[in-house]
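Enquirer: Have a look at this one before I ask anything.
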Amino acid sequence: MSPFNLETCARPNILALEPYRCARDDYKDDGTNVLLDANENAYGPPLPPSITGLIQPQSGLGPVIDLPGLNRYPDPHQVPLKQLLCNLRQTHVHTQKKLSPANLFVGVGSDEAIDALIRAFCRPGQDKILVCPPTYGMYSVSAQVNDVSLVKIPLLPGPDFQLDVPSILSALSSLDASTIKLAYFCSPGNPTGSLLSKSSIESILAHPTWNGVVVVDEAYIDFAPDSASLAEWVVEFPNLVVMQTLSKAFGLAGIRLGAAFTSPEIARLLNALKAPYNVNNITSAIAEYALSPVGLEVMRANKAALLEQRDRLLREMPTIPGVGKLMGGTESNFLLYEMLNKDGQPDNVVALAVYEGLAETKGVVVRFRGKEHGCLGCLRITVGTEDEVTRFLEAIKKQLEQVRGVDARSDEEEKEKAASAIVA
């Protein structure tokens with residue numbers, strides 16, 4: 001009999017960990033589904049369609065990937081890639097100072113930066129991070145992995161979902177504020193889609209006594225108005241981190257490339273604790289091409305097409321019986337809408353039934369968000385292509401008619417299912 005006992009050998013906080021629940025955990029892609037659940041870019045990456053293999057394209061268009069060179073480790077510093085990211089975000093709207101590669105950490109999506117910051121600043125079992133629900137679920141997952149507690153200050157009620165600055169400042173002035181090392185703010189928010197006020201973030205950065213780091217997660221910033229990004233602002237504040245990703249507007253979720261803009265001092269910490277070769281050659285080659293003038297032109301054209309469909313959803317969703325208020329903002333590639341019951345009230349039972357029915361009978365997958373703070377009865381809908389949006393609008397109209405007109409399950413069954421739905 002082996003003496004090994006997982007229950008006593010593993011860390012208790014890891015045994016108790018509820019993993020991040022991904023959009024595809026509930027419904028997989030069967031090749032025919034319309035996937036409006038994960039906030040991906042339905043128009044795809046800014047790469048020429050003729051590129052079907054990882055080779056140097058004869059046309060001269062597309063990333064040059066050195067296949068014979070894959071026997072060598074990648075560049076551990078990624079300075080050319082970091083310079084392209086600086087070029088993208090150096091707008092001189094928020095400062096006249098200049099970003100440099102010394103202001104950058106690049107890693108495996110934004111999630112690596114989220115985790116690295118907690119490992120760099122928080123002592124397990126002692127320190128805390130501040131989050132503002134409803135927000136991105138990986139902040140709390142990474143905190144639990146690292147045995148770090150949460151301080152939750154909910155966003156102000158929707159539909160605006162802005163920061164509750166007085167409550168945040170109060171928490172950062174409390175007797176145990178010295179144990180709050182990081183404050184994570186998602187802007188535009190997920191699932192809210194609301195761009196946070198620059199003045200609110202500035203008020204928190206200006207706190208007179210708090211010794212901690214403000215982290216602004218800008219995964220969806222390219223769908224916000226031009227120059228909304230605060231990335232270049234890191235040269236003005238020693239304790240500001242701005243995270244970004246190529247997964248959304250750039251349509252490159254599959255290469256897992258994220259970045260954290262920050263002071264050179266914090267960047268050195270993050271770069272010191274990362275794995276030596278965390279960004280591989282293929283990822284960096286594709287990312288550098290996407291950030292080139294040719295890649296940026298395609299990305300911006302795809303973004304314009306998505307914004308056109310976002311505007312279409314904003315026009316047509318309110319005309320569908322059973323669709324309630326738009327909750328949150330319009331500065332992202334998704335929208336958050338209430339689903340109403342027969343009495344005209346937002347209802348998780350209805351929202352969950354619509355969510356399941358769309359996926360299981362109509363092949364359209366969205367995301368149920370009704371269990372998140374302030375999101376009662378809400379579905380989050382990723383903006384898709386013109387054809388995908390057409391199919392979604394037809395499907396949700398029919399599904400709402402069915403759900404609101406016929407009780408497919410008993411009320412008790414539906415309430416139990418809604419109460420037990422796992423939200424990421």
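Every chain in the structure tokens has a letter given in the order shown (A, B, ...), and although residue numbers restart at 1 in each chain, ligands are simply numbered from 1 in the order shown.
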Kindly assemble as CSV a list of the stretch 284-353 of chain A residues that lie within 12 Å of stretch 87-98 of chain A, each paired with its nearest atom pair and their distance in Å to one decimal, using only C-alpha atoms, sorted first by chain and then by ascending residue number.
Expert:
residue,atom,partner,partner_atom,distance
A:Glu288,CA,A:Leu88,CA,11.5
A:Ala290,CA,A:Leu88,CA,11.1
A:Leu291,CA,A:Leu88,CA,7.6
A:Ser292,CA,A:Leu88,CA,9.5
A:Pro293,CA,A:Leu88,CA,10.1
A:Gly295,CA,A:Leu88,CA,11.8
A:Leu296,CA,A:Leu88,CA,9.2
Enquirer: Please, which residues in stretch 99-151 of chain A fall within 12 Å of stretch 161-167 of chain A when counting only C-alpha atoms, and what is the closest atom pair and distance in Å to one decimal for each, ordered by chain then residue number, as CSV?
Expert:
residue,atom,partner,partner_atom,distance
A:Leu130,CA,A:Ser167,CA,11.4
A:Val131,CA,A:Leu163,CA,10.3
A:Cys132,CA,A:Leu163,CA,7.5
A:Pro133,CA,A:Phe161,CA,9.4
A:Pro134,CA,A:Phe161,CA,8.6
A:Thr135,CA,A:Phe161,CA,10.3
A:Val151,CA,A:Ser167,CA,11.3
Enquirer: Please determine, counting only C-alpha atoms, which residue among A:Val64, A:Val242, A:Ala353, A:Leu175 has the shortest atom-to-atom distance to A:Tyr289.
Expert: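 Of the candidates, the smallest distance to A:Tyr289 is held by A:Val64.
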Enquirer: Write out as a VMD selection string which residues come within 7 Å of stretch 188-200 of chain A when counting only C-alpha atoms, dropping same-chain ones fewer than 4 positions away.
Expert: chain A and resid 134 to 136 160 to 163 165 204 218 220 to 221 327 to 332 334 to 336 380
Enquirer: Find the spatial neighbours of A:Ala177, counting only C-alpha atoms, within a cut-off of 10 Å - ignore same-chain residues fewer than 2 positions away - and output them as a count of residues only.
Expert: 16
Enquirer: Going by DSSP on the backbone, which residues of stretch 248-286 of chain A come out as strand (DSSP E)? List them as a JSON list (two decimals) with N, CA, C and O atoms, in the first residue's frame.
Expert:
[["chain", "number", "residue", "atom", "x", "y", "z"],
["A", 257, "LEU", "N", -0.91, 35.47, -26.59],
["A", 257, "LEU", "CA", 0.09, 36.50, -26.38],
["A", 257, "LEU", "C", -0.53, 37.68, -25.65],
["A", 257, "LEU", "O", -1.50, 38.27, -26.12],
["A", 258, "GLY", "N", -0.02, 37.96, -24.47],
["A", 258, "GLY", "CA", -0.48, 39.11, -23.69],
["A", 258, "GLY", "C", 0.69, 39.98, -23.29],
["A", 258, "GLY", "O", 1.86, 39.57, -23.38],
["A", 259, "ALA", "N", 0.38, 41.18, -22.84],
["A", 259, "ALA", "CA", 1.43, 42.14, -22.46],
["A", 259, "ALA", "C", 1.00, 42.92, -21.23],
["A", 259, "ALA", "O", -0.19, 43.15, -21.01],
["A", 260, "ALA", "N", 1.99, 43.32, -20.46],
["A", 260, "ALA", "CA", 1.75, 44.21, -19.33],
["A", 260, "ALA", "C", 2.68, 45.40, -19.46],
["A", 260, "ALA", "O", 3.91, 45.25, -19.46],
["A", 261, "PHE", "N", 2.09, 46.59, -19.63],
["A", 261, "PHE", "CA", 2.84, 47.84, -19.63],
["A", 261, "PHE", "C", 2.97, 48.30, -18.18],
["A", 261, "PHE", "O", 1.97, 48.30, -17.44]]
Enquirer: Excluding same-chain residues fewer than 4 positions from stretch 393-407 of chain A, what lies within 12 Å of it counting only C-alpha atoms, as a ChimeraX atom specification?
Expert: /A:34,36,309,312-324,337-345,347,349-366,379,381,383-384,386-389,411-414
